[in-house]
$ cat data19.txt   # compact mmCIF, C-alpha atoms
# COMPACT_ATOMS: atom_id res chain seq x y z
CA LEU Y 684 109.23 106.53 78.37
CA LEU Y 685 108.35 108.08 81.72
CA PHE Y 686 110.07 105.19 83.49
CA VAL Y 687 113.21 105.68 81.38
CA LEU Y 688 113.16 109.39 82.22
CA ALA Y 689 112.75 108.65 85.93
CA LEU Y 690 115.48 106.02 85.97
CA SER Y 691 117.88 108.24 84.01
CA LEU Y 692 117.48 111.09 86.48
CA ARG Y 693 117.98 108.74 89.43
CA LEU Y 694 121.14 107.24 87.95
CA TRP Y 695 122.52 110.63 86.91
CA ARG Y 696 125.53 111.52 89.10
CA LEU Y 697 124.54 108.71 91.46
CA THR Y 698 127.80 108.96 93.41
CA TYR Y 699 128.18 112.75 93.30
CA HIS Y 700 127.70 112.92 97.07
CA SER Y 701 129.76 110.68 99.30
CA PHE Y 702 128.02 108.37 101.77
CA TRP Y 703 126.82 110.13 104.88
CA PHE Y 704 126.54 108.42 108.26
CA ASP Y 705 123.10 106.82 107.80
CA GLU Y 706 124.09 105.35 104.44
CA ALA Y 707 127.22 103.89 106.03
CA VAL Y 708 124.92 102.30 108.61
CA SER Y 709 122.88 100.75 105.79
CA ALA Y 710 126.01 99.38 104.14
CA GLY Y 711 127.17 98.02 107.48
CA TRP Y 712 123.92 96.21 108.18
CA ALA Y 713 123.97 94.72 104.68
CA GLY Y 714 127.12 92.86 105.66
CA TRP Y 715 125.47 91.07 108.58
CA ARG Y 716 123.99 87.59 108.41
CA ALA Y 717 120.30 87.53 107.50
CA ALA Y 718 119.33 85.91 110.81
CA ASP Y 719 121.08 88.67 112.77
CA ILE Y 720 119.45 91.38 110.65
CA VAL Y 721 116.02 89.90 111.43
CA ARG Y 722 116.77 89.55 115.15
CA VAL Y 723 118.06 93.09 115.60
CA GLY Y 724 115.46 94.57 113.27
CA MET Y 725 112.60 93.06 115.22
CA GLU Y 726 114.02 94.24 118.56
CA LEU Y 727 114.15 97.90 117.36
CA THR Y 728 116.74 98.81 119.98
CA LEU Y 729 120.17 98.68 118.34
CA ASP Y 730 118.58 100.09 115.18
CA LYS Y 731 115.23 101.88 115.01
CA HIS Y 732 114.22 100.47 111.63
CA PRO Y 733 112.70 97.03 110.89
CA PRO Y 734 114.70 94.47 108.90
CA VAL Y 735 113.17 94.23 105.40
CA TYR Y 736 115.21 96.99 103.76
CA TYR Y 737 118.48 95.70 105.21
CA LEU Y 738 117.64 92.18 104.07
CA LEU Y 739 116.86 93.44 100.59
CA LEU Y 740 120.09 95.44 100.51
CA ARG Y 741 122.06 92.41 101.67
CA GLY Y 742 120.74 90.33 98.77
CA TRP Y 743 121.39 93.21 96.36
CA THR Y 744 125.00 93.65 97.46
CA LEU Y 745 125.65 89.93 97.22
CA LEU Y 746 124.67 90.20 93.54
CA PHE Y 747 126.15 93.56 92.58
CA GLY Y 748 128.85 94.33 95.15
CA THR Y 749 129.32 96.93 97.86
CA GLY Y 750 130.47 99.98 95.91
CA ASP Y 751 128.65 103.28 96.30
CA ALA Y 752 126.91 103.02 92.93
CA ALA Y 753 126.01 99.35 93.46
CA ILE Y 754 124.37 100.05 96.82
CA ARG Y 755 122.52 103.16 95.70
CA SER Y 756 121.29 101.59 92.46
CA LEU Y 757 118.72 99.58 94.43
CA GLU Y 758 117.03 102.78 95.58
CA ALA Y 759 117.34 104.32 92.11
CA LEU Y 760 115.56 101.37 90.52
CA LEU Y 761 112.76 101.24 93.08
CA GLY Y 762 112.41 105.02 92.93
CA ALA Y 763 111.87 104.83 89.18
CA LEU Y 764 109.45 101.91 89.42
CA ILE Y 765 106.93 103.96 91.41
CA ILE Y 766 106.08 105.65 88.10
CA PHE Y 767 103.94 102.63 87.16
CA PRO Y 768 101.51 102.57 90.13
CA ILE Y 769 101.30 106.38 90.04
CA PHE Y 770 100.34 106.26 86.36
CA ALA Y 771 97.85 103.44 87.00
CA LEU Y 772 96.15 105.23 89.90
CA GLY Y 773 95.99 108.52 88.00
CA GLN Y 774 94.45 106.82 84.96
CA ARG Y 775 91.90 104.93 87.06
CA TRP Y 776 90.88 107.90 89.17
CA GLN Y 777 91.00 110.58 86.49
CA CYS Y 778 91.93 109.71 82.91
CA ARG Y 779 94.98 108.65 80.92
CA ALA Y 780 96.24 112.23 80.77
CA GLY Y 781 95.91 112.51 84.55
CA GLY Y 782 98.02 109.40 85.03
CA ALA Y 783 100.66 110.64 82.60
CA VAL Y 784 100.91 114.08 84.21
CA ALA Y 785 101.16 112.58 87.71
CA ALA Y 786 103.86 110.17 86.57
CA LEU Y 787 105.79 113.00 84.88
CA LEU Y 788 105.63 115.16 88.00
CA ALA Y 789 106.88 112.24 90.09
CA ALA Y 790 109.62 111.38 87.60
CA ILE Y 791 111.25 114.81 87.86
CA ASN Y 792 110.37 115.65 91.47
CA PRO Y 793 113.62 116.73 93.20
CA PHE Y 794 112.59 115.25 96.57
CA LEU Y 795 111.86 111.82 95.08
CA VAL Y 796 115.03 111.94 92.98
CA TRP Y 797 117.13 112.83 96.03
CA TYR Y 798 115.93 109.92 98.13
CA SER Y 799 116.19 107.59 95.15
CA GLN Y 800 119.93 108.31 95.35
CA GLU Y 801 120.27 107.68 99.08
CA ALA Y 802 120.97 104.23 100.51
CA ARG Y 803 118.20 104.29 103.08
CA MET Y 804 114.79 102.68 103.42
CA PHE Y 805 112.58 105.70 102.72
CA MET Y 806 112.25 105.27 98.95
CA PRO Y 807 112.01 101.45 98.93
CA ALA Y 808 109.33 101.60 101.64
CA ALA Y 809 107.38 104.22 99.68
CA ALA Y 810 107.60 102.06 96.55
CA PHE Y 811 106.25 99.03 98.44
CA ALA Y 812 103.44 101.11 99.94
CA LEU Y 813 102.37 102.56 96.61
CA LEU Y 814 102.45 99.16 94.93
CA GLY Y 815 100.32 97.73 97.73
CA LEU Y 816 97.75 100.51 97.60
CA TRP Y 817 97.47 100.27 93.82
CA ALA Y 818 96.86 96.53 94.21
CA PHE Y 819 94.21 97.26 96.86
CA VAL Y 820 92.40 99.63 94.52
CA SER Y 821 92.53 96.97 91.79
CA LEU Y 822 91.28 94.32 94.22
CA LEU Y 823 88.19 96.32 95.12
CA ASP Y 824 87.43 96.89 91.43
CA ASP Y 825 88.16 93.50 89.87
CA ALA Y 826 85.18 91.45 91.03
CA HIS Y 827 84.72 90.19 87.47
CA SER Y 828 88.00 88.24 87.50
CA ARG Y 829 88.84 85.86 90.34
CA ARG Y 830 92.37 85.35 89.09
CA ARG Y 831 93.14 89.05 88.93
CA ALA Y 832 91.45 89.64 92.27
CA LEU Y 833 93.49 86.90 93.94
CA LEU Y 834 96.69 88.31 92.46
CA ALA Y 835 95.83 91.82 93.64
CA TRP Y 836 94.98 90.45 97.11
CA GLY Y 837 98.39 88.79 97.36
CA ILE Y 838 100.30 91.81 96.06
CA PHE Y 839 98.57 94.11 98.53
CA VAL Y 840 99.32 91.89 101.52
CA VAL Y 841 102.95 91.18 100.60
CA ALA Y 842 103.86 94.71 99.44
CA THR Y 843 102.13 96.41 102.36
CA LEU Y 844 103.79 94.20 104.96
CA ALA Y 845 107.14 94.66 103.20
CA GLY Y 846 106.62 98.42 103.42
CA VAL Y 847 105.83 98.54 107.14
CA TYR Y 848 108.60 96.05 107.93
CA ALA Y 849 111.00 98.33 106.04
CA TYR Y 850 109.88 101.62 107.60
CA LEU Y 851 107.52 102.00 110.56
CA PHE Y 852 105.89 105.26 109.41
CA ASN Y 853 104.42 103.31 106.49
CA ALA Y 854 101.92 102.05 109.05
CA LEU Y 855 100.22 105.46 108.78
CA LEU Y 856 98.94 104.31 105.39
CA LEU Y 857 97.11 101.31 106.88
CA PRO Y 858 94.20 103.49 108.09
CA VAL Y 859 94.18 105.03 104.61
CA ALA Y 860 93.58 101.59 103.07
CA GLY Y 861 90.91 100.92 105.69
CA LEU Y 862 89.04 104.12 104.86
CA TRP Y 863 89.35 103.42 101.14
CA TRP Y 864 87.72 100.07 101.83
CA LEU Y 865 84.87 101.71 103.76
CA LEU Y 866 84.34 104.19 100.92
CA ALA Y 867 84.18 101.29 98.45
CA VAL Y 868 81.69 99.44 100.66
CA GLY Y 869 79.53 102.55 100.86
CA ARG Y 870 79.55 103.01 97.10
CA ALA Y 871 78.68 99.38 96.54
CA TRP Y 872 75.81 99.68 99.01
CA ARG Y 873 74.38 102.68 97.16
CA ALA Y 874 75.09 101.73 93.54
CA ASP Y 875 75.54 97.98 93.11
CA ARG Y 876 74.65 95.72 96.03
CA ARG Y 877 75.59 92.66 94.01
CA ARG Y 878 79.22 93.71 94.55
CA LEU Y 879 78.75 94.48 98.24
CA SER Y 880 79.64 91.04 99.56
CA TYR Y 881 82.70 90.82 97.30
CA VAL Y 882 84.01 94.26 98.24
CA GLY Y 883 83.42 93.63 101.92
CA LEU Y 884 84.99 90.18 101.99
CA ALA Y 885 87.93 90.78 99.63
CA GLY Y 886 88.99 94.09 101.13
CA GLY Y 887 88.22 93.16 104.71
CA SER Y 888 90.14 89.89 104.59
CA ALA Y 889 93.19 91.56 103.04
CA LEU Y 890 93.18 94.26 105.70
CA ALA Y 891 92.77 91.68 108.45
CA VAL Y 892 95.76 89.65 107.24
CA VAL Y 893 97.92 92.79 107.08
CA ALA Y 894 96.81 93.83 110.57
CA VAL Y 895 97.68 90.42 112.01
CA GLY Y 896 101.04 90.43 110.22
CA PHE Y 897 101.89 93.92 111.46
CA TRP Y 898 100.82 93.38 115.07
CA PRO Y 899 104.12 91.90 116.42
CA LEU Y 900 106.11 94.80 115.03
CA ALA Y 901 103.58 97.40 116.19
CA ARG Y 902 103.60 96.00 119.73
CA GLN Y 903 107.41 96.02 119.90
CA ALA Y 904 107.64 99.52 118.42
CA TRP Y 905 105.21 100.89 121.00
CA ALA Y 906 107.08 99.15 123.82
CA VAL Y 907 110.49 100.64 122.94
CA SER Y 908 109.42 104.06 121.64
CA GLY Y 909 108.63 105.56 125.02
CA ALA Y 910 112.15 105.13 126.38
CA GLU Y 911 113.69 107.92 124.28
CA ALA Y 912 110.65 109.94 123.24
CA THR Y 913 110.01 113.49 124.42
CA PRO Y 914 106.28 114.36 124.44
CA GLY Y 915 105.06 117.28 122.36
CA ARG Y 916 101.74 119.03 121.74
CA VAL Y 917 99.08 118.11 119.21
CA PHE Y 918 99.16 120.40 116.14
CA GLN Y 919 102.21 122.18 117.53
CA ASP Y 920 103.42 124.62 114.83
CA ALA Y 921 101.10 122.91 112.31
CA GLY Y 922 101.23 125.78 109.82
CA VAL Y 923 105.02 125.97 109.91
CA ILE Y 924 105.30 122.20 109.49
CA LEU Y 925 102.97 122.20 106.47
CA TRP Y 926 104.99 125.00 104.86
CA GLN Y 927 108.24 123.10 105.47
CA LEU Y 928 106.80 119.87 104.07
CA GLY Y 929 105.46 121.70 101.03
CA HIS Y 930 108.84 123.31 100.37
CA ALA Y 931 110.62 119.96 100.67
CA PHE Y 932 108.11 118.13 98.49
CA LEU Y 933 108.32 120.77 95.75
CA PHE Y 934 111.91 122.04 95.87
CA ASN Y 935 113.90 119.72 98.16
CA LYS Y 936 117.30 121.44 98.60
CA ALA Y 937 116.68 124.47 96.39
CA ARG Y 938 116.44 127.95 97.90
CA LEU Y 939 114.56 130.17 95.46
CA GLY Y 940 113.56 133.08 97.70
CA SER Y 941 110.33 134.93 96.97
CA TRP Y 942 109.96 133.15 93.62
CA GLY Y 943 109.92 129.86 95.45
CA ASP Y 944 107.31 131.14 97.89
CA GLY Y 945 105.08 132.15 94.99
CA LEU Y 946 105.43 128.75 93.33
CA LEU Y 947 104.66 127.06 96.63
CA VAL Y 948 101.44 129.09 96.93
CA LEU Y 949 100.45 127.90 93.43
CA ALA Y 950 101.25 124.32 94.43
CA ALA Y 951 99.01 124.67 97.50
CA LEU Y 952 96.26 126.08 95.26
CA ALA Y 953 96.63 123.05 92.98
CA VAL Y 954 96.12 120.74 95.97
CA LEU Y 955 92.92 122.56 96.93
CA ILE Y 956 91.59 122.44 93.38
CA GLY Y 957 92.52 118.79 92.99
CA LEU Y 958 90.58 117.88 96.14
CA TRP Y 959 87.66 120.27 95.59
CA PRO Y 960 84.26 118.54 95.16
CA GLY Y 961 82.92 118.49 91.63
CA SER Y 962 83.50 116.84 88.33
CA PRO Y 963 86.96 115.45 87.57
CA ALA Y 964 88.47 115.77 84.11
CA SER Y 965 85.15 115.08 82.44
CA GLY Y 966 86.30 116.58 79.17
CA ALA Y 967 89.18 114.13 78.90
CA ARG Y 968 88.85 111.02 76.78
CA GLU Y 969 87.62 108.05 78.80
CA GLU Y 970 89.69 104.90 78.76
CA PRO Y 971 88.07 101.48 78.27
CA SER Y 972 89.74 100.29 81.47
CA ALA Y 973 88.25 103.13 83.49
CA ARG Y 974 85.20 101.57 85.06
CA PRO Y 975 82.21 103.81 85.83
CA ALA Y 976 82.12 102.74 89.49
CA TRP Y 977 85.53 104.34 89.97
CA ARG Y 978 85.25 107.37 87.73
CA GLY Y 979 85.72 110.53 89.76
CA ARG Y 980 86.32 108.75 93.07
CA GLY Y 981 89.94 109.81 93.25
CA ARG Y 982 89.24 113.05 95.14
CA SER Y 983 87.96 111.20 98.22
CA GLU Y 984 90.83 108.71 98.14
CA LEU Y 985 93.45 111.41 97.65
CA ALA Y 986 92.01 113.50 100.47
CA VAL Y 987 92.14 110.49 102.79
CA ALA Y 988 95.72 109.63 101.72
CA LEU Y 989 96.96 113.18 102.35
CA LEU Y 990 95.02 114.14 105.47
CA VAL Y 991 94.80 110.95 107.55
CA PRO Y 992 98.59 110.33 107.95
CA TRP Y 993 99.09 114.01 108.76
CA LEU Y 994 96.36 113.93 111.41
CA ILE Y 995 97.74 110.73 112.94
CA GLY Y 996 101.22 112.24 112.90
CA ASN Y 997 99.91 115.17 114.92
CA LEU Y 998 98.38 112.76 117.44
CA LEU Y 999 101.75 111.02 117.69
CA LEU Y 1000 103.20 114.33 118.88
CA ILE Y 1001 101.61 113.55 122.23
CA ARG Y 1002 104.13 110.71 122.60
CA ASP Y 1003 107.08 111.98 120.58
CA ALA Y 1004 107.77 115.59 119.61
CA ARG Y 1005 110.01 114.42 116.72
CA ALA Y 1006 107.20 113.06 114.53
CA PHE Y 1007 107.72 115.88 112.00
CA ALA Y 1008 111.42 116.41 112.66
CA GLU Y 1009 112.48 115.50 109.11
CA PRO Y 1010 110.48 115.85 105.86
CA ARG Y 1011 111.96 112.53 104.68
CA TYR Y 1012 109.84 110.77 107.29
CA TRP Y 1013 106.85 111.68 105.12
CA LEU Y 1014 108.26 110.72 101.74
CA PHE Y 1015 105.39 108.27 101.13
CA LEU Y 1016 102.98 111.22 100.79
CA VAL Y 1017 104.77 112.78 97.79
CA PRO Y 1018 103.24 110.43 95.14
CA PHE Y 1019 99.76 111.40 96.37
CA VAL Y 1020 100.70 115.08 96.19
CA CYS Y 1021 101.79 114.54 92.56
CA LEU Y 1022 98.49 112.78 91.84
CA THR Y 1023 96.58 115.70 93.33
CA TRP Y 1024 98.57 118.26 91.35
CA ALA Y 1025 97.88 116.30 88.18
CA ALA Y 1026 94.18 116.02 88.99
CA ALA Y 1027 93.91 119.79 89.40
CA SER Y 1028 95.77 120.60 86.18
CA VAL Y 1029 93.96 118.11 83.96
CA ARG Y 1030 90.60 118.90 85.52
CA LEU Y 1031 90.96 122.61 84.74
CA ILE Y 1032 92.37 122.10 81.26
CA ALA Y 1033 89.59 119.65 80.33
CA ASN Y 1034 86.78 121.62 82.08
CA GLY Y 1035 84.19 119.61 80.19
CA ARG Y 1036 81.18 120.72 82.26
CA LEU Y 1037 81.68 124.45 81.93
CA THR Y 1038 79.17 125.93 79.47
CA SER Y 1039 80.51 129.47 79.20
CA PRO Y 1040 83.33 129.91 76.67
CA ILE Y 1041 84.91 132.55 78.92
CA ALA Y 1042 84.79 130.22 81.93
CA ARG Y 1043 86.28 127.36 79.88
CA THR Y 1044 89.06 129.58 78.62
CA GLY Y 1045 89.81 130.89 82.10
CA ALA Y 1046 89.84 127.44 83.64
CA GLY Y 1047 92.06 126.11 80.85
CA LEU Y 1048 94.52 128.97 81.29
CA LEU Y 1049 94.61 128.44 85.06
CA GLY Y 1050 95.17 124.70 84.58
CA GLY Y 1051 97.96 125.37 82.10
CA LEU Y 1052 99.54 127.90 84.47
CA LEU Y 1053 99.48 125.42 87.33
CA LEU Y 1054 100.96 122.64 85.25
CA VAL Y 1055 103.71 124.80 83.74
CA SER Y 1056 104.52 126.25 87.18
CA LEU Y 1057 104.79 122.81 88.81
CA LEU Y 1058 106.98 121.47 86.02
CA ALA Y 1059 109.13 124.61 86.06
CA ALA Y 1060 109.55 124.38 89.84
CA SER Y 1061 110.95 120.86 89.56
CA LEU Y 1062 113.18 121.66 86.61
CA VAL Y 1063 114.63 124.73 88.33
CA ALA Y 1064 115.09 122.99 91.68
CA LEU Y 1065 116.41 119.66 90.41
CA PRO Y 1066 120.02 120.81 89.70
CA TRP Y 1067 120.36 121.81 93.36
CA ASN Y 1068 120.43 118.09 94.18
CA TRP Y 1069 124.00 118.00 92.87
CA ARG Y 1070 125.56 121.03 94.50
CA PRO Y 1071 128.45 120.77 96.96
CA GLU Y 1072 126.51 122.44 99.75
$ encode --input "data19.txt" --output "structure tokens"
Amino acid sequence: LLFVLALSLRLWRLTYHSFWFDEAVSAGWAGWRAADIVRVGMELTLDKHPPVYYLLLRGWTLLFGTGDAAIRSLEALLGALIIFPIFALGQRWQCRAGGAVAALLAAINPFLVWYSQEARMFMPAAAFALLGLWAFVSLLDDAHSRRRALLAWGIFVVATLAGVYAYLFNALLLPVAGLWWLLAVGRAWRADRRRLSYVGLAGGSALAVVAVGFWPLARQAWAVSGAEATPGRVFQDAGVILWQLGHAFLFNKARLGSWGDGLLVLAALAVLIGLWPGSPASGAREEPSARPAWRGRGRSELAVALLVPWLIGNLLLIRDARAFAEPRYWLFLVPFVCLTWAAASVRLIANGRLTSPIARTGAGLLGGLLLVSLLAASLVALPWNWRPE
């Protein structure tokens, strides 16, 4: 049902806006021969984006044509499909309700809907990245099943490489996967050393294959990036950039004045609560598929997913002052923001470890307020996606 909701919103008024220049570029590349797309995409000079998205779009247009709706429907479908890994990660890290809330927030998020209706690589790359990271989480947890572990290993490698070869900034999630692996190794060392060799070998080998596969592109990207880059300063205007990213992630095109500022403050509070140390949604019903080794670990993984790319992006400012020039560059972070918002809301509403009735009531009311505010923000801002301006 959440997938149907997400897909319906992404197909709604799909051609309301005419193609802008970058979408025309996508449509133009889709008409090239596959060999030429690969050659130019790997050179990163005539076009600054790798070839996977253009190859995918070429195959899509050969099947469905080159009309506006046909071209954009690829992004709409992939944008709706991210609901599944978001739900799966939320359920594994929190509970079933956490997965459902995160998927709902992602389904109606104006920023995700907007870029699911744009014929560019940002949404497809984010979908590949999220699929790969979900597979990586499953790989580290599925030591009991060789078949499932092998499948997860393959999905992680293929989806992750597809993501970075569609959009270079996806590479900022590779250190995230590496730190997730180290966290899993540390937990296995402390809690279950019988799993230590499996976690170390399975995760380490997958990361090594991805690193080797990404190296040619990374080397070429570094070689050509300095020619046009203007150096900046580390953490330059960091507070302003965070505020701009938060506004884009929550409202996208909407301008809601002081009401919007208040909702953005509540959204920031939800992020802090979602990442705050302590029990997750312990009052929520546990799912049979939620293994004890993973219960409550989502806070560390979400903190890594949100903070590490942002920190690396600030380091990249030394080489290129445009690292934060457009919020769309950071689209792949929005699913993790939705997961954090959901974790905060469900955690407060469940509040299973609070003993005082007053404290439980207060936490539940705060969780309900956060959830209603986040849903209301999306519902109010979403119609702005289809305004002439």
$ closest_residue --input "data19.txt" --among "Y:Arg877, Y:Arg902, Y:Arg696, Y:Arg982" --to "Met725 (chain Y)" --atoms "all atoms listed in the file"
Y:Arg902
$ residues_around --input "data19.txt" --residues "Thr749 (chain Y)" --least-positions-apart "2" --cutoff "12 Å" --atoms "all atoms listed in the file" --output "count of residues only"
24
$ atom_distance --input "data19.txt" --atom1 "CA of Pro733 (chain Y)" --atom2 "CA of Gln903 (chain Y)"
10.5 Å
$ closest_residue --input "data19.txt" --among "Y:Gly940, Y:Gly915, Y:Pro899, Y:Gly929" --to "Asp1003 (chain Y)" --atoms "all atoms listed in the file"
Y:Gly915
$ closest_residue --input "data19.txt" --among "Y:Leu1022, Y:Ile1032, Y:Ala871, Y:Val882" --to "Ala832 (chain Y)" --atoms "all atoms listed in the file"
Y:Val882
$ residues_around --input "data19.txt" --residues "Trp695 (chain Y)" --least-positions-apart "5" --cutoff "12 Å" --atoms "all atoms listed in the file" --output "NGL selection string"
:Y and (687-690 or 700 or 752 or 755-756 or 759 or 796-797 or 799-800 or 1065-1066 or 1068-1069)
$ build_atoms --input "data19.txt" --residues "region 887-905 of chain Y" --atoms "N, CA and C atoms" --output "compact mmCIF listing (two decimals), in the frame of the given file"
# COMPACT_ATOMS: atom_id res chain seq x y z
N GLY Y 887 88.12 93.40 103.27
CA GLY Y 887 88.22 93.16 104.71
C GLY Y 887 89.20 92.07 105.06
N SER Y 888 89.21 90.98 104.30
CA SER Y 888 90.14 89.89 104.59
C SER Y 888 91.58 90.31 104.36
N ALA Y 889 91.83 91.09 103.30
CA ALA Y 889 93.19 91.56 103.04
C ALA Y 889 93.67 92.47 104.16
N LEU Y 890 92.81 93.37 104.61
CA LEU Y 890 93.18 94.26 105.70
C LEU Y 890 93.42 93.49 106.99
N ALA Y 891 92.61 92.47 107.23
CA ALA Y 891 92.77 91.68 108.45
C ALA Y 891 94.10 90.94 108.46
N VAL Y 892 94.49 90.37 107.32
CA VAL Y 892 95.76 89.65 107.24
C VAL Y 892 96.93 90.61 107.47
N VAL Y 893 96.86 91.79 106.88
CA VAL Y 893 97.92 92.79 107.08
C VAL Y 893 97.98 93.21 108.54
N ALA Y 894 96.83 93.42 109.16
CA ALA Y 894 96.81 93.83 110.57
C ALA Y 894 97.44 92.77 111.46
N VAL Y 895 97.11 91.51 111.22
CA VAL Y 895 97.68 90.42 112.01
C VAL Y 895 99.19 90.34 111.79
N GLY Y 896 99.62 90.49 110.53
CA GLY Y 896 101.04 90.43 110.22
C GLY Y 896 101.83 91.58 110.82
N PHE Y 897 101.21 92.74 110.94
CA PHE Y 897 101.89 93.92 111.46
C PHE Y 897 101.90 93.96 112.98
N TRP Y 898 100.99 93.25 113.63
CA TRP Y 898 100.82 93.38 115.07
C TRP Y 898 102.10 93.14 115.88
N PRO Y 899 102.89 92.10 115.61
CA PRO Y 899 104.12 91.90 116.42
C PRO Y 899 105.07 93.08 116.35
N LEU Y 900 105.22 93.65 115.17
CA LEU Y 900 106.11 94.80 115.03
C LEU Y 900 105.52 96.03 115.72
N ALA Y 901 104.22 96.24 115.56
CA ALA Y 901 103.58 97.40 116.19
C ALA Y 901 103.70 97.32 117.71
N ARG Y 902 103.50 96.16 118.28
CA ARG Y 902 103.60 96.00 119.73
C ARG Y 902 105.02 96.29 120.22
N GLN Y 903 106.01 95.78 119.50
CA GLN Y 903 107.41 96.02 119.90
C GLN Y 903 107.78 97.49 119.74
N ALA Y 904 107.32 98.12 118.65
CA ALA Y 904 107.64 99.52 118.42
C ALA Y 904 107.05 100.40 119.51
N TRP Y 905 105.83 100.11 119.94
CA TRP Y 905 105.21 100.89 121.00
C TRP Y 905 105.94 100.68 122.32
